[in-house]
$ cat data.pdb   # PDB, C-alpha atoms
ATOM      1  CA  MET A  20     118.864 120.233  86.819
ATOM      2  CA  PRO A  21     121.213 117.292  86.911
ATOM      3  CA  GLY A  22     123.508 116.619  89.823
ATOM      4  CA  ARG A  23     123.461 118.202  93.216
ATOM      5  CA  ARG A  24     121.663 121.494  93.616
ATOM      6  CA  GLY A  25     122.133 123.535  96.786
ATOM      7  CA  THR A  26     121.719 121.131  99.671
ATOM      8  CA  GLU A  27     119.971 118.562  97.485
ATOM      9  CA  THR A  28     121.151 115.077  98.429
ATOM     10  CA  ARG A  29     118.224 113.033  97.127
ATOM     11  CA  GLY A  30     118.800 110.487  94.400
ATOM     12  CA  LEU A  31     116.052 112.060  92.300
ATOM     13  CA  SER A  32     117.688 115.384  91.538
ATOM     14  CA  ASP A  33     117.113 115.620  87.777
ATOM     15  CA  ALA A  34     113.914 117.414  86.812
ATOM     16  CA  LEU A  35     111.877 117.821  83.663
ATOM     17  CA  MET A  36     109.112 120.397  83.422
ATOM     18  CA  LEU A  37     106.090 119.114  81.606
ATOM     19  CA  ARG A  38     103.234 121.303  80.402
ATOM     20  CA  MET A  39      99.777 119.846  79.877
ATOM     21  CA  THR A  40      96.173 120.904  79.623
ATOM     22  CA  PRO A  41      94.242 121.408  82.849
ATOM     23  CA  GLN A  42      92.114 118.377  81.990
ATOM     24  CA  LEU A  43      95.150 116.114  81.547
ATOM     25  CA  GLY A  44      96.726 117.498  84.722
ATOM     26  CA  ALA A  45      93.560 116.766  86.688
ATOM     27  CA  ALA A  46      93.397 113.250  85.243
ATOM     28  CA  VAL A  47      97.054 112.548  86.130
ATOM     29  CA  ARG A  48      96.588 113.838  89.700
ATOM     30  CA  ALA A  49      93.415 111.752  90.110
ATOM     31  CA  ALA A  50      95.113 108.590  88.800
ATOM     32  CA  ALA A  51      98.112 109.202  91.083
ATOM     33  CA  ALA A  52      95.893 109.802  94.118
ATOM     34  CA  ALA A  53      93.981 106.593  93.372
ATOM     35  CA  GLU A  54      97.283 104.697  93.642
ATOM     36  CA  GLY A  55      98.438 106.655  96.701
ATOM     37  CA  LEU A  56     101.278 108.317  94.803
ATOM     38  CA  SER A  57     102.335 111.843  94.032
ATOM     39  CA  ALA A  58     101.696 112.951  90.453
ATOM     40  CA  ALA A  59     105.465 112.987  89.827
ATOM     41  CA  ALA A  60     105.877 109.401  91.067
ATOM     42  CA  TRP A  61     102.949 108.235  88.976
ATOM     43  CA  VAL A  62     104.313 109.855  85.792
ATOM     44  CA  ARG A  63     107.828 108.551  86.589
ATOM     45  CA  GLY A  64     106.447 105.012  86.875
ATOM     46  CA  ARG A  65     104.720 105.307  83.509
ATOM     47  CA  LEU A  66     107.873 106.701  81.848
ATOM     48  CA  VAL A  67     110.048 103.864  83.156
ATOM     49  CA  VAL A  68     107.677 101.394  81.514
ATOM     50  CA  LEU A  69     107.999 103.246  78.187
ATOM     51  CA  VAL A  70     111.801 103.606  78.168
ATOM     52  CA  ASP A  71     113.431 100.198  77.619
ATOM     53  CA  ASP A  72     116.973 100.844  78.896
ATOM     54  CA  VAL A  73     115.977 102.259  82.334
ATOM     55  CA  PRO A  74     115.764  99.867  85.306
ATOM     56  CA  ARG A  75     112.333  99.649  86.933
ATOM     57  CA  ALA A  76     113.928 100.678  90.246
ATOM     58  CA  GLU A  77     114.116 104.194  88.782
ATOM     59  CA  ALA A  78     110.350 104.501  89.358
ATOM     60  CA  ARG A  79     110.805 104.960  93.110
ATOM     61  CA  PRO A  80     107.510 106.178  94.501
ATOM     62  CA  SER A  81     107.301 109.341  96.523
ATOM     63  CA  PRO A  82     104.044 109.509  98.471
ATOM     64  CA  PRO A  83     102.040 112.710  98.196
ATOM     65  CA  ARG A  84     102.571 115.355 100.843
ATOM     66  CA  VAL A  85     100.031 115.305 103.595
ATOM     67  CA  ARG A  86      99.261 118.690 105.073
ATOM     68  CA  VAL A  87      98.920 118.733 108.819
ATOM     69  CA  ARG A  88      95.619 120.230 109.878
ATOM     70  CA  VAL A  89      95.727 121.561 113.409
ATOM     71  CA  PRO A  90      92.302 121.914 115.012
ATOM     72  CA  PRO A  91      91.401 125.508 116.006
ATOM     73  CA  PRO A  92      91.197 124.588 119.726
ATOM     74  CA  ASP A  93      94.836 123.457 119.559
ATOM     75  CA  LEU A  94      95.848 126.729 117.908
ATOM     76  CA  GLU A  95      93.972 128.624 120.610
ATOM     77  CA  ALA A  96      95.775 126.604 123.289
ATOM     78  CA  MET A  97      99.112 127.423 121.676
ATOM     79  CA  ALA A  98      98.181 131.115 121.602
ATOM     80  CA  ARG A  99      97.311 130.947 125.317
ATOM     81  CA  LEU A 100     100.652 129.231 125.968
ATOM     82  CA  LEU A 101     102.383 132.029 124.081
ATOM     83  CA  GLY A 102     100.611 134.534 126.355
ATOM     84  CA  GLU A 103     101.774 132.632 129.435
ATOM     85  CA  VAL A 104     105.367 132.594 128.155
ATOM     86  CA  GLY A 105     105.083 136.360 127.601
ATOM     87  CA  ARG A 106     103.782 136.914 131.132
ATOM     88  CA  ALA A 107     106.560 134.746 132.572
ATOM     89  CA  GLY A 108     109.050 136.788 130.555
ATOM     90  CA  GLY A 109     107.662 139.990 132.052
ATOM     91  CA  ALA A 110     107.964 138.590 135.578
ATOM     92  CA  VAL A 111     111.537 137.442 134.946
ATOM     93  CA  ALA A 112     112.376 140.879 133.495
ATOM     94  CA  GLN A 113     111.133 142.519 136.715
ATOM     95  CA  LEU A 114     113.117 140.019 138.780
ATOM     96  CA  ALA A 115     116.245 140.677 136.726
ATOM     97  CA  ARG A 116     115.793 144.435 137.260
ATOM     98  CA  MET A 117     115.543 143.939 141.033
ATOM     99  CA  LEU A 118     118.585 141.645 141.058
ATOM    100  CA  ARG A 119     120.564 144.173 139.020
ATOM    101  CA  ASP A 120     119.900 146.775 141.731
ATOM    102  CA  ASP A 121     121.114 144.341 144.423
ATOM    103  CA  ALA A 122     124.909 144.339 144.053
ATOM    104  CA  ARG A 123     125.225 141.355 146.411
ATOM    105  CA  ARG A 124     123.838 138.906 143.825
ATOM    106  CA  PRO A 125     125.618 139.398 140.465
ATOM    107  CA  ALA A 126     125.459 135.675 139.597
ATOM    108  CA  LEU A 127     121.674 135.641 140.016
ATOM    109  CA  ASP A 128     121.378 138.686 137.768
ATOM    110  CA  ALA A 129     123.247 136.871 134.965
ATOM    111  CA  GLU A 130     121.126 133.747 135.443
ATOM    112  CA  ALA A 131     117.899 135.751 135.339
ATOM    113  CA  GLU A 132     119.047 137.365 132.075
ATOM    114  CA  ALA A 133     119.758 133.895 130.626
ATOM    115  CA  VAL A 134     116.265 132.694 131.614
ATOM    116  CA  LEU A 135     114.747 135.846 130.124
ATOM    117  CA  ASP A 136     116.619 135.229 126.859
ATOM    118  CA  ALA A 137     115.386 131.616 126.778
ATOM    119  CA  LEU A 138     111.788 132.781 127.317
ATOM    120  CA  ARG A 139     112.129 135.304 124.486
ATOM    121  CA  GLN A 140     113.425 132.573 122.163
ATOM    122  CA  ALA A 141     110.565 130.259 123.197
ATOM    123  CA  ALA A 142     108.035 133.028 122.496
ATOM    124  CA  ALA A 143     109.581 133.681 119.077
ATOM    125  CA  GLY A 144     109.538 129.961 118.277
ATOM    126  CA  LEU A 145     105.896 129.627 119.330
ATOM    127  CA  THR A 146     104.931 132.691 117.279
ATOM    128  CA  SER A 147     106.639 131.226 114.212
ATOM    129  CA  LEU A 148     105.058 127.781 114.736
ATOM    130  CA  ILE A 149     101.577 129.229 115.190
ATOM    131  CA  GLY A 150     101.997 131.251 111.988
ATOM    132  CA  ARG A 151     103.140 128.193 110.002
ATOM    133  CA  LEU A 152     100.296 126.066 111.384
ATOM    134  CA  GLU A 153      97.712 128.716 110.548
ATOM    135  CA  ALA A 154      99.110 128.962 107.019
ATOM    136  CA  GLY A 155      99.114 125.159 106.689
ATOM    137  CA  SER A 156     102.796 125.009 105.741
ATOM    138  CA  CYS A 157     103.902 122.462 108.337
TER     139      CYS A 157
END

$ encode --input "data.pdb" --output "structure tokens"
Amino acid sequence: MPGRRGTETRGLSDALMLRMTPQLGAAVRAAAAAEGLSAAAWVRGRLVVLVDDVPRAEARPSPPRVRVRVPPPDLEAMARLLGEVGRAGGAVAQLARMLRDDARRPALDAEAEAVLDALRQAAAGLTSLIGRLEAGSC
């Protein structure tokens, strides 16, 4: 995979797939974790030592990914916030309906619709964030 791939702009864009036994894989991951490195960075560092014509700077470390663990009370608070945003959206929808019936205030009707749209987007964003946090993919 040499060169740029998709939106890849990192300097480490070439990849080599390496198959190994589960025991060797576990040993590599353990050795990498002991040094605070990702398995790829650890193997890259060892390969640079073995290949004479590659500068040592090629062994740039990439720290392992740290998954964010959100405590359940925080997730519950976010779910309550989502409920509040939904209730506010319902109230704004009723207000927009009343303003639509009052022909004297067309500017307020448009503004209420804009607020309602913003609340819907906030609710969608919160729903997506809660889902990602529950799945541990943030």

$ atom_distance --input "data.pdb" --atom1 "CA of Arg139 in chain A" --atom2 "CA of Glu153 in chain A"
21.1 Å

$ closest_residue --input "data.pdb" --among "A:Gln140, A:Leu145, A:Glu132, A:Ala154" --to "Met97 in chain A" --atoms "all atoms listed in the file"
A:Leu145

$ residues_around --input "data.pdb" --residues "Leu114 in chain A" --least-positions-apart "5" --cutoff "12 Å" --atoms "all atoms listed in the file" --output "PyMOL selection string"
chain A and resi 107-109+119-121+124+127-132+134-135

$ closest_residue --input "data.pdb" --among "A:Arg38, A:Arg88, A:Arg116, A:Arg99" --to "Leu152 in chain A" --atoms "only C-alpha atoms"
A:Arg88

$ atom_distance --input "data.pdb" --atom1 "CA of Ala58 in chain A" --atom2 "CA of Leu37 in chain A"
11.6 Å

$ axis_aligned_box --input "data.pdb" --around "range 111-124 of chain A" --padding-each-side "3 Å" --output "JSON"
{"center_x": 118.2, "center_y": 142.1, "center_z": 140.0, "size_x": 20.1, "size_y": 15.3, "size_z": 18.9}

$ atom_distance --input "data.pdb" --atom1 "CA of Leu56 in chain A" --atom2 "CA of Leu148 in chain A"
28.1 Å

$ closest_residue --input "data.pdb" --among "A:Ala115, A:Val89, A:Ala122, A:Val68" --to "Arg151 in chain A" --atoms "only C-alpha atoms"
A:Val89

$ closest_residue --input "data.pdb" --among "A:Thr146, A:Gly105, A:Pro41, A:Ala46" --to "Trp61 in chain A" --atoms "only C-alpha atoms"
A:Ala46
